[in-house]
file model28.cif (mmCIF, C-alpha atoms)
data_model
#
loop_
_atom_site.label_atom_id
_atom_site.label_comp_id
_atom_site.auth_asym_id
_atom_site.auth_seq_id
_atom_site.Cartn_x
_atom_site.Cartn_y
_atom_site.Cartn_z
CA MET M 1 -3.01 74.41 44.92
CA LYS M 2 -5.84 72.03 44.13
CA ARG M 3 -5.01 69.20 41.74
CA VAL M 4 -7.68 68.12 39.27
CA PHE M 5 -8.73 64.55 38.59
CA ASN M 6 -7.01 63.99 35.25
CA PHE M 7 -8.81 61.43 33.08
CA ALA M 8 -6.66 62.09 30.00
CA ALA M 9 -5.63 59.12 27.87
CA GLY M 10 -1.94 59.97 28.00
CA PRO M 11 0.29 61.48 29.10
CA ALA M 12 -1.72 60.54 32.13
CA THR M 13 -1.97 61.27 35.81
CA LEU M 14 0.90 60.24 38.08
CA ALA M 15 0.70 59.30 41.75
CA GLN M 16 1.01 62.40 43.92
CA SER M 17 3.60 60.73 46.16
CA VAL M 18 5.79 60.10 43.10
CA LEU M 19 5.49 63.71 41.99
CA GLU M 20 6.33 64.90 45.49
CA GLN M 21 9.46 62.75 45.57
CA VAL M 22 10.52 64.10 42.18
CA ARG M 23 9.99 67.62 43.50
CA ASP M 24 12.01 66.96 46.64
CA GLU M 25 14.90 65.40 44.70
CA LEU M 26 14.79 67.74 41.74
CA LEU M 27 17.78 69.93 42.62
CA ASP M 28 19.83 67.45 44.59
CA TRP M 29 19.46 63.70 44.13
CA ARG M 30 20.64 61.97 47.33
CA GLY M 31 23.46 64.35 48.09
CA THR M 32 25.01 64.40 44.64
CA GLY M 33 24.45 68.14 44.35
CA MET M 34 22.74 67.77 40.99
CA SER M 35 19.45 66.84 39.43
CA VAL M 36 18.95 63.50 37.74
CA MET M 37 18.41 65.57 34.60
CA GLU M 38 22.03 66.73 34.83
CA MET M 39 23.70 63.38 35.52
CA SER M 40 25.87 61.52 33.08
CA HIS M 41 24.16 58.26 32.21
CA ARG M 42 27.57 56.58 32.52
CA ASP M 43 28.31 57.67 36.09
CA LYS M 44 27.54 55.57 39.14
CA PRO M 45 24.55 57.58 40.44
CA PHE M 46 22.48 57.12 37.30
CA MET M 47 23.74 53.59 36.71
CA SER M 48 22.34 52.73 40.13
CA ILE M 49 18.99 54.32 39.26
CA ALA M 50 18.82 52.35 36.02
CA ALA M 51 19.79 49.05 37.60
CA GLU M 52 17.27 49.39 40.41
CA ALA M 53 14.46 50.30 37.99
CA GLU M 54 15.14 47.21 35.90
CA LYS M 55 15.32 45.03 39.02
CA ASP M 56 11.96 46.34 40.27
CA LEU M 57 10.31 45.95 36.87
CA ARG M 58 11.53 42.36 36.62
CA GLU M 59 10.18 41.64 40.10
CA LEU M 60 6.79 43.22 39.41
CA LEU M 61 6.24 41.24 36.23
CA GLY M 62 8.10 38.11 37.22
CA VAL M 63 10.25 38.40 34.09
CA PRO M 64 12.14 35.14 33.45
CA ALA M 65 15.94 35.29 33.25
CA SER M 66 15.71 34.28 29.59
CA TYR M 67 14.24 37.67 28.65
CA LYS M 68 15.93 41.01 28.06
CA VAL M 69 14.39 44.16 29.55
CA LEU M 70 15.11 47.23 27.45
CA PHE M 71 14.48 50.92 28.10
CA LEU M 72 14.13 52.70 24.76
CA GLN M 73 13.17 55.99 23.15
CA GLY M 74 10.72 56.68 20.36
CA GLY M 75 7.44 55.62 21.95
CA ALA M 76 5.44 52.50 21.26
CA THR M 77 4.75 53.77 17.74
CA THR M 78 8.41 53.29 16.87
CA GLN M 79 8.03 49.65 17.89
CA PHE M 80 5.45 49.23 15.12
CA ALA M 81 8.49 49.23 12.81
CA ALA M 82 11.14 47.89 15.20
CA VAL M 83 9.19 44.70 15.97
CA PRO M 84 9.06 43.33 12.41
CA MET M 85 12.59 44.53 11.66
CA ASN M 86 13.87 42.60 14.69
CA LEU M 87 11.62 39.55 14.71
CA LEU M 88 11.06 38.48 11.12
CA ARG M 89 14.25 36.38 11.27
CA GLY M 90 14.12 35.52 7.58
CA LYS M 91 10.37 34.82 7.45
CA ALA M 92 8.14 36.50 4.93
CA GLY M 93 5.23 37.64 7.05
CA ALA M 94 3.51 38.13 10.38
CA ASP M 95 -0.04 37.84 11.73
CA TYR M 96 -1.92 40.81 13.18
CA ILE M 97 -5.19 40.98 15.11
CA VAL M 98 -6.85 44.34 14.41
CA ASN M 99 -9.39 45.22 17.08
CA GLY M 100 -8.89 48.98 17.18
CA ALA M 101 -7.06 52.01 15.85
CA TRP M 102 -3.66 51.17 17.34
CA GLY M 103 -3.69 47.61 16.06
CA LYS M 104 -4.59 48.96 12.63
CA LYS M 105 -1.66 51.39 12.74
CA ALA M 106 0.73 48.67 13.87
CA ALA M 107 -0.31 46.43 10.97
CA LYS M 108 -0.01 49.27 8.46
CA GLU M 109 3.52 50.10 9.59
CA ALA M 110 4.63 46.47 9.61
CA ALA M 111 3.43 46.11 6.01
CA LYS M 112 6.39 48.27 4.95
CA TYR M 113 8.74 45.47 5.98
CA CYS M 114 6.85 42.21 5.50
CA LYS M 115 3.67 40.60 4.30
CA VAL M 116 1.01 41.30 6.91
CA ASN M 117 -1.76 38.77 7.37
CA VAL M 118 -4.66 40.41 9.19
CA ALA M 119 -5.79 37.25 10.93
CA ALA M 120 -8.86 38.91 12.45
CA ARG M 121 -10.56 42.27 12.33
CA CYS M 122 -13.85 43.80 13.39
CA PRO M 123 -16.32 44.07 10.48
CA ASP M 124 -16.62 47.58 9.03
CA GLU M 125 -14.05 48.74 11.60
CA LYS M 126 -16.71 48.71 14.31
CA TYR M 127 -14.28 48.26 17.14
CA ASN M 128 -16.70 47.43 19.93
CA HIS M 129 -15.79 43.78 20.57
CA ILE M 130 -13.01 41.21 20.21
CA PRO M 131 -13.29 39.09 17.03
CA ASP M 132 -14.24 35.51 17.89
CA ALA M 133 -10.99 33.56 18.17
CA ARG M 134 -12.61 30.56 16.47
CA GLY M 135 -12.64 32.54 13.23
CA TRP M 136 -9.06 33.79 13.27
CA LYS M 137 -7.04 32.92 10.15
CA LEU M 138 -3.61 32.31 11.65
CA ASP M 139 -0.56 31.43 9.57
CA PRO M 140 1.49 28.66 11.22
CA ASN M 141 4.57 29.97 9.36
CA ALA M 142 4.20 33.56 10.57
CA ALA M 143 7.18 35.16 12.27
CA TYR M 144 4.91 36.24 15.13
CA LEU M 145 1.31 37.05 16.09
CA HIS M 146 0.77 40.68 17.15
CA TYR M 147 -2.19 42.06 19.08
CA THR M 148 -3.11 45.09 21.19
CA PRO M 149 -4.49 43.96 24.58
CA ASN M 150 -6.17 47.30 25.24
CA GLU M 151 -7.37 49.82 22.66
CA THR M 152 -7.46 53.26 24.26
CA ILE M 153 -9.58 55.00 21.64
CA GLU M 154 -12.48 52.56 21.48
CA GLY M 155 -12.29 51.27 25.07
CA VAL M 156 -11.95 47.63 23.99
CA GLU M 157 -9.80 45.16 25.91
CA PHE M 158 -8.87 41.50 25.61
CA GLN M 159 -9.91 39.56 28.69
CA PHE M 160 -7.74 36.62 27.62
CA VAL M 161 -4.30 35.95 26.19
CA PRO M 162 -4.51 34.64 22.60
CA GLU M 163 -3.20 31.21 21.77
CA SER M 164 -0.44 31.44 19.16
CA GLY M 165 0.87 27.87 19.15
CA SER M 166 4.54 27.73 18.21
CA VAL M 167 4.44 31.27 16.78
CA PRO M 168 5.83 33.94 19.18
CA LEU M 169 3.13 36.18 20.65
CA VAL M 170 3.81 39.93 20.53
CA ALA M 171 1.70 42.50 22.39
CA ASP M 172 1.51 46.28 22.55
CA PHE M 173 0.69 46.65 26.23
CA SER M 174 1.05 50.44 26.27
CA SER M 175 -2.27 51.27 27.89
CA SER M 176 -2.60 48.30 30.25
CA PHE M 177 1.05 47.82 31.23
CA LEU M 178 1.49 47.14 34.97
CA SER M 179 -2.26 47.37 35.57
CA ARG M 180 -2.50 43.69 36.62
CA PRO M 181 -0.35 40.55 36.62
CA ILE M 182 0.57 38.91 33.30
CA ASP M 183 2.51 35.74 32.53
CA VAL M 184 5.47 37.07 30.58
CA SER M 185 6.49 33.54 29.58
CA LYS M 186 3.45 33.37 27.27
CA PHE M 187 4.90 36.14 25.12
CA GLY M 188 7.83 36.37 22.78
CA LEU M 189 7.86 40.14 23.18
CA ILE M 190 5.85 42.81 24.92
CA TYR M 191 6.30 46.54 24.54
CA ALA M 192 4.72 49.57 26.15
CA GLY M 193 5.02 53.33 26.23
CA ALA M 194 5.32 54.55 29.81
CA GLN M 195 2.93 57.47 29.73
CA LYS M 196 -0.27 55.66 30.70
CA ASN M 197 0.55 53.58 33.78
CA ALA M 198 4.30 53.57 34.30
CA GLY M 199 5.70 57.08 34.17
CA PRO M 200 5.98 60.17 31.96
CA SER M 201 6.31 60.15 28.20
CA GLY M 202 9.75 59.67 26.70
CA ILE M 203 10.57 56.08 27.56
CA THR M 204 9.34 52.78 26.16
CA PHE M 205 9.76 49.31 27.63
CA VAL M 206 10.55 46.24 25.54
CA ILE M 207 10.69 42.79 27.11
CA VAL M 208 11.91 40.22 24.62
CA ARG M 209 12.88 36.56 24.77
CA ASP M 210 16.57 35.93 24.19
CA ASP M 211 16.18 33.51 21.30
CA LEU M 212 14.25 36.03 19.19
CA ILE M 213 16.97 38.67 18.87
CA GLY M 214 20.06 39.00 16.72
CA GLN M 215 18.66 38.35 13.22
CA VAL M 216 17.58 41.80 12.12
CA HIS M 217 16.43 43.50 8.94
CA PRO M 218 19.51 45.02 7.26
CA ALA M 219 17.99 48.52 7.27
CA LEU M 220 17.28 48.52 11.02
CA PRO M 221 19.00 51.43 12.83
CA SER M 222 21.41 50.21 15.51
CA VAL M 223 19.56 52.10 18.26
CA PHE M 224 16.53 49.85 17.66
CA ASP M 225 18.44 46.59 17.35
CA TYR M 226 17.31 44.73 20.48
CA LYS M 227 20.51 42.68 20.66
CA GLN M 228 22.79 45.69 20.44
CA VAL M 229 20.67 47.65 22.92
CA ALA M 230 20.67 44.71 25.35
CA GLU M 231 24.44 44.33 25.12
CA ALA M 232 24.79 48.05 25.89
CA GLU M 233 22.36 47.80 28.85
CA SER M 234 19.93 50.18 27.08
CA MET M 235 22.69 52.79 26.78
CA LEU M 236 23.75 52.39 23.18
CA ASN M 237 23.01 56.09 22.97
CA THR M 238 22.06 58.57 25.70
CA PRO M 239 18.82 57.20 27.17
CA PRO M 240 15.87 59.29 28.40
CA THR M 241 17.37 59.48 31.87
CA PHE M 242 14.75 61.59 33.65
CA SER M 243 11.86 59.50 32.36
CA TRP M 244 13.75 56.34 33.36
CA TYR M 245 14.23 57.72 36.87
CA ILE M 246 10.55 58.61 37.29
CA ALA M 247 9.47 55.23 35.93
CA GLY M 248 11.64 53.65 38.62
CA LEU M 249 9.78 55.65 41.26
CA VAL M 250 6.46 54.49 39.81
CA PHE M 251 7.63 50.87 40.06
CA LYS M 252 8.36 51.45 43.77
CA TRP M 253 4.93 53.00 44.22
CA ILE M 254 3.23 50.00 42.60
CA LYS M 255 5.18 47.64 44.85
CA GLY M 256 3.93 49.70 47.80
CA VAL M 257 0.25 49.14 46.92
CA GLY M 258 0.66 45.37 46.79
CA GLY M 259 2.41 44.90 43.47
CA LEU M 260 0.42 43.91 40.42
CA PRO M 261 -2.13 41.79 42.35
CA GLY M 262 -2.88 44.82 44.52
CA MET M 263 -2.96 47.12 41.51
CA ALA M 264 -5.40 44.78 39.77
CA GLN M 265 -7.80 44.86 42.71
CA ILE M 266 -7.77 48.65 42.72
CA ASN M 267 -8.20 48.93 38.96
CA ARG M 268 -11.02 46.37 38.84
CA ARG M 269 -12.82 48.26 41.59
CA LYS M 270 -12.41 51.64 39.86
CA ALA M 271 -13.70 50.36 36.53
CA GLY M 272 -16.57 48.65 38.33
CA LEU M 273 -17.71 51.93 39.89
CA LEU M 274 -18.20 53.53 36.49
CA TYR M 275 -19.55 50.51 34.62
CA ASP M 276 -21.98 49.76 37.45
CA TYR M 277 -23.44 53.22 37.05
CA LEU M 278 -23.62 52.91 33.27
CA ASP M 279 -25.45 49.57 33.71
CA SER M 280 -27.65 50.74 36.56
CA GLY M 281 -30.77 51.22 34.47
CA GLN M 282 -30.09 54.84 33.63
CA SER M 283 -30.66 55.65 29.96
CA PHE M 284 -28.82 58.96 29.58
CA TYR M 285 -25.33 57.53 28.92
CA LYS M 286 -24.45 54.64 26.65
CA ASN M 287 -21.37 52.43 26.49
CA PRO M 288 -21.05 50.83 23.03
CA VAL M 289 -18.59 48.05 23.95
CA ALA M 290 -19.56 44.40 24.39
CA LYS M 291 -19.52 43.58 28.09
CA ASP M 292 -16.94 40.82 27.68
CA ALA M 293 -14.54 43.27 25.98
CA ARG M 294 -14.83 46.35 28.17
CA SER M 295 -11.61 48.07 29.08
CA TRP M 296 -10.59 48.61 32.69
CA MET M 297 -8.36 51.45 31.57
CA ASN M 298 -10.45 53.50 29.13
CA VAL M 299 -14.21 53.71 29.69
CA VAL M 300 -16.00 55.30 26.74
CA PHE M 301 -19.55 56.59 26.80
CA THR M 302 -21.87 58.84 24.82
CA LEU M 303 -24.57 61.31 25.76
CA PRO M 304 -28.08 61.31 24.18
CA ASN M 305 -26.91 63.77 21.52
CA GLU M 306 -23.66 65.46 20.59
CA ALA M 307 -25.11 68.90 21.27
CA LEU M 308 -24.74 68.18 25.00
CA ASP M 309 -21.04 67.28 24.79
CA ALA M 310 -19.66 70.79 25.12
CA ASP M 311 -21.77 71.58 28.17
CA PHE M 312 -20.86 68.26 29.77
CA LEU M 313 -17.14 68.96 29.33
CA LYS M 314 -17.48 72.55 30.53
CA GLY M 315 -19.26 71.44 33.68
CA ALA M 316 -16.79 68.63 34.25
CA LYS M 317 -13.86 71.02 34.05
CA ALA M 318 -15.55 73.32 36.55
CA ALA M 319 -15.89 70.29 38.83
CA GLN M 320 -12.14 69.63 38.55
CA LEU M 321 -12.67 66.64 36.23
CA ASP M 322 -10.33 67.07 33.29
CA GLY M 323 -9.43 65.17 30.11
CA LEU M 324 -12.81 63.54 29.45
CA LYS M 325 -13.24 64.38 25.77
CA GLY M 326 -13.32 61.28 23.58
CA HIS M 327 -10.85 60.77 20.76
CA ARG M 328 -11.67 62.91 17.72
CA SER M 329 -12.16 59.80 15.56
CA VAL M 330 -15.02 58.43 17.67
CA GLY M 331 -16.36 61.39 19.65
CA GLY M 332 -18.25 61.06 22.91
CA MET M 333 -16.45 60.81 26.23
CA ARG M 334 -13.57 58.76 27.51
CA ALA M 335 -12.54 58.35 31.15
CA SER M 336 -9.07 56.89 31.43
CA LEU M 337 -8.71 55.10 34.76
CA TYR M 338 -5.00 54.35 34.74
CA ASN M 339 -3.09 53.15 37.78
CA ALA M 340 -2.66 56.55 39.41
CA MET M 341 -6.27 57.66 39.08
CA PRO M 342 -7.61 57.50 42.65
CA GLU M 343 -10.96 55.91 43.42
CA ALA M 344 -12.09 59.30 44.70
CA GLY M 345 -11.75 60.62 41.15
CA VAL M 346 -14.02 57.92 39.73
CA LYS M 347 -16.58 58.51 42.48
CA ALA M 348 -16.52 62.25 41.75
CA LEU M 349 -17.05 61.56 38.05
CA VAL M 350 -20.02 59.29 38.69
CA GLU M 351 -21.63 61.89 40.96
CA TYR M 352 -21.12 64.57 38.32
CA MET M 353 -22.60 62.32 35.64
CA LYS M 354 -25.66 61.67 37.80
CA GLU M 355 -26.19 65.36 38.42
CA PHE M 356 -25.73 66.29 34.74
CA ALA M 357 -28.23 63.61 33.73
CA ARG M 358 -30.76 64.89 36.29
CA ALA M 359 -30.37 68.46 35.05
CA ARG M 360 -30.34 67.73 31.31
CA GLY M 361 -32.15 64.44 30.92
#
call {"tool": "encode", "arguments": {"input": "model28.cif", "output": "structure tokens"}}
result
Amino acid sequence: MKRVFNFAAGPATLAQSVLEQVRDELLDWRGTGMSVMEMSHRDKPFMSIAAEAEKDLRELLGVPASYKVLFLQGGATTQFAAVPMNLLRGKAGADYIVNGAWGKKAAKEAAKYCKVNVAARCPDEKYNHIPDARGWKLDPNAAYLHYTPNETIEGVEFQFVPESGSVPLVADFSSSFLSRPIDVSKFGLIYAGAQKNAGPSGITFVIVRDDLIGQVHPALPSVFDYKQVAEAESMLNTPPTFSWYIAGLVFKWIKGVGGLPGMAQINRRKAGLLYDYLDSGQSFYKNPVAKDARSWMNVVFTLPNEALDADFLKGAKAAQLDGLKGHRSVGGMRASLYNAMPEAGVKALVEYMKEFARARG
């Protein structure tokens, strides 16, 4: 069997060594005579899997002891509602930076529960840059400031951590989680769906500072109450056990490539391969994003005209390059270069792009 290079935006490619370990342990996890899928989440075998995954995640990110690490269901989209319902703590509103489709959705959902102040947005929803921080209209009385470090659809990424003063900073790290080191202590809360860089779909990570939990919206379901979930060690209800197990294997894999510093070097190099070609003087492909806001994770580009898109994708698929179609809302192409995408895949993509441009330019 020949595996393709999977550039899909998520669920995304997983490291082959992780998939092979899952395969080898699928029917019998370490002599238990059962699959992880069949284990009780309350029995010692799975409790050990869960504890080790949390330990490794804390080590990778350098999570301070004053933060809870939660493993939840519902995807990052559920956190669009869970964040305000947990963090308002009696305040009337929250600040949101809208620099892409996911930030816009997060703000829209939060508006059901509080007054949302859109402190910054791209004019006319042209999400090809980060709004100048000097023009942000921040509310010093906001419950928190929310932003999306990486926007998968538009390929726009913050290259800095916003200053929020005394207001807790909240970030949806879904598409850049574990792609490089971050200073967790700068954030009140970070959350991320696993299916880009940290495992399969089905599990979501929430890392939240202790002092921010315990004062929830009265309508908040118990399963999304961070304090109750923390007290139950993320087992208030049956957790997504198999996804949790695979995420733990991914954490081990990342540690094996040098942790987050090593992962950052690899990811910077991969993105550089593709951006260097796009900036090489060729005129066939265009990247619409400001250079100081280009995403390492999701590289978007367009062809000279949309009529070529179908042929480009057909040829790419024949070359074992899959998942390159851009999001339906923006069109064009999108190459997602998440952690498990090997450099060989990016090199193969660049070579294909060169050949297609020669043949059709």
call {"tool": "closest_residue", "arguments": {"input": "model28.cif", "among": "M:Ile213, M:Leu321, M:Val156, M:Ala335", "to": "Val299 of chain M", "atoms": "all atoms listed in the file"}}
result
M:Ala335
call {"tool": "axis_aligned_box", "arguments": {"input": "model28.cif", "around": "segment 191-198 of chain M", "padding_each_side": "6 Å", "output": "JSON"}}
result
{"center_x": 3.0, "center_y": 52.0, "center_z": 29.4, "size_x": 18.6, "size_y": 22.9, "size_z": 21.8}
call {"tool": "resolve_selection", "arguments": {"input": "model28.cif", "expression": "the PyMOL selection byres ((chain M and resi 220) around 10)", "output": "list in words"}}
result
Ala81, Ala82, Pro84, Met85, Asn86, Val216, His217, Pro218, Ala219, Pro221, Ser222, Val223, Phe224 and Asp225 of chain M
call {"tool": "closest_residue", "arguments": {"input": "model28.cif", "among": "M:Tyr96, M:Phe71, M:Tyr285, M:Tyr338", "to": "Thr204 of chain M", "atoms": "all atoms listed in the file"}}
result
M:Phe71
call {"tool": "atom_distance", "arguments": {"input": "model28.cif", "atom1": "atom CA of Asp132 of chain M", "atom2": "atom CA of Phe160 of chain M"}}
result
11.8 Å
call {"tool": "residues_near_point", "arguments": {"input": "model28.cif", "point": "(-4.4, 40.1, 8.8)", "cutoff": "7 Å", "atoms": "all atoms listed in the file", "output": "PDB file with C-alpha atoms, in the coordinates of the input"}}
result
ATOM      1  CA  ASP M  95      -0.040  37.840  11.730  1.00  0.00           C
ATOM      2  CA  TYR M  96      -1.920  40.810  13.180  1.00  0.00           C
ATOM      3  CA  ILE M  97      -5.190  40.980  15.110  1.00  0.00           C
ATOM      4  CA  VAL M 116       1.010  41.300   6.910  1.00  0.00           C
ATOM      5  CA  ASN M 117      -1.760  38.770   7.370  1.00  0.00           C
ATOM      6  CA  VAL M 118      -4.660  40.410   9.190  1.00  0.00           C
ATOM      7  CA  ALA M 119      -5.790  37.250  10.930  1.00  0.00           C
ATOM      8  CA  ALA M 120      -8.860  38.910  12.450  1.00  0.00           C
TER       9      ALA M 120
END
call {"tool": "residues_near_point", "arguments": {"input": "model28.cif", "point": "(14.5, 37.3, 17.9)", "cutoff": "9 Å", "atoms": "all atoms listed in the file", "output": "list in words"}}
result
Asn86, Leu87, Leu88, Arg89, Gly188, Leu189, Val208, Arg209, Asp210, Asp211, Leu212, Ile213, Gly214, Gln215, Val216, Tyr226 and Lys227 of chain M
call {"tool": "write_last_selection", "arguments": {"input": "model28.cif", "atoms": "C-alpha atoms", "output": "CSV table (one decimal), in the coordinates of the input"}}
result
chain,number,residue,atom,x,y,z
M,86,ASN,CA,13.9,42.6,14.7
M,87,LEU,CA,11.6,39.6,14.7
M,88,LEU,CA,11.1,38.5,11.1
M,89,ARG,CA,14.2,36.4,11.3
M,188,GLY,CA,7.8,36.4,22.8
M,189,LEU,CA,7.9,40.1,23.2
M,208,VAL,CA,11.9,40.2,24.6
M,209,ARG,CA,12.9,36.6,24.8
M,210,ASP,CA,16.6,35.9,24.2
M,211,ASP,CA,16.2,33.5,21.3
M,212,LEU,CA,14.2,36.0,19.2
M,213,ILE,CA,17.0,38.7,18.9
M,214,GLY,CA,20.1,39.0,16.7
M,215,GLN,CA,18.7,38.4,13.2
M,216,VAL,CA,17.6,41.8,12.1
M,226,TYR,CA,17.3,44.7,20.5
M,227,LYS,CA,20.5,42.7,20.7
call {"tool": "closest_residue", "arguments": {"input": "model28.cif", "among": "M:Val206, M:Leu145, M:Arg30, M:Ala194", "to": "Ser48 of chain M", "atoms": "all atoms listed in the file"}}
result
M:Arg30
call {"tool": "residues_around", "arguments": {"input": "model28.cif", "residues": "Ala310 of chain M", "least_positions_apart": "6", "cutoff": "12 Å", "atoms": "only C-alpha atoms", "output": "list in words"}}
result
Leu303, Ala316, Lys317, Leu324, Lys325, Gly326, Gly331, Gly332 and Met333 of chain M
call {"tool": "resolve_selection", "arguments": {"input": "model28.cif", "expression": "the PyMOL selection byres ((chain M and resi 103-115) around 6)", "output": "ChimeraX atom specification"}}
result
/M:80-81,92-93,98,100-102,116,148
call {"tool": "closest_residue", "arguments": {"input": "model28.cif", "among": "M:Asp139, M:Asp124, M:Glu20, M:Asp183", "to": "Val167 of chain M", "atoms": "all atoms listed in the file"}}
result
M:Asp139
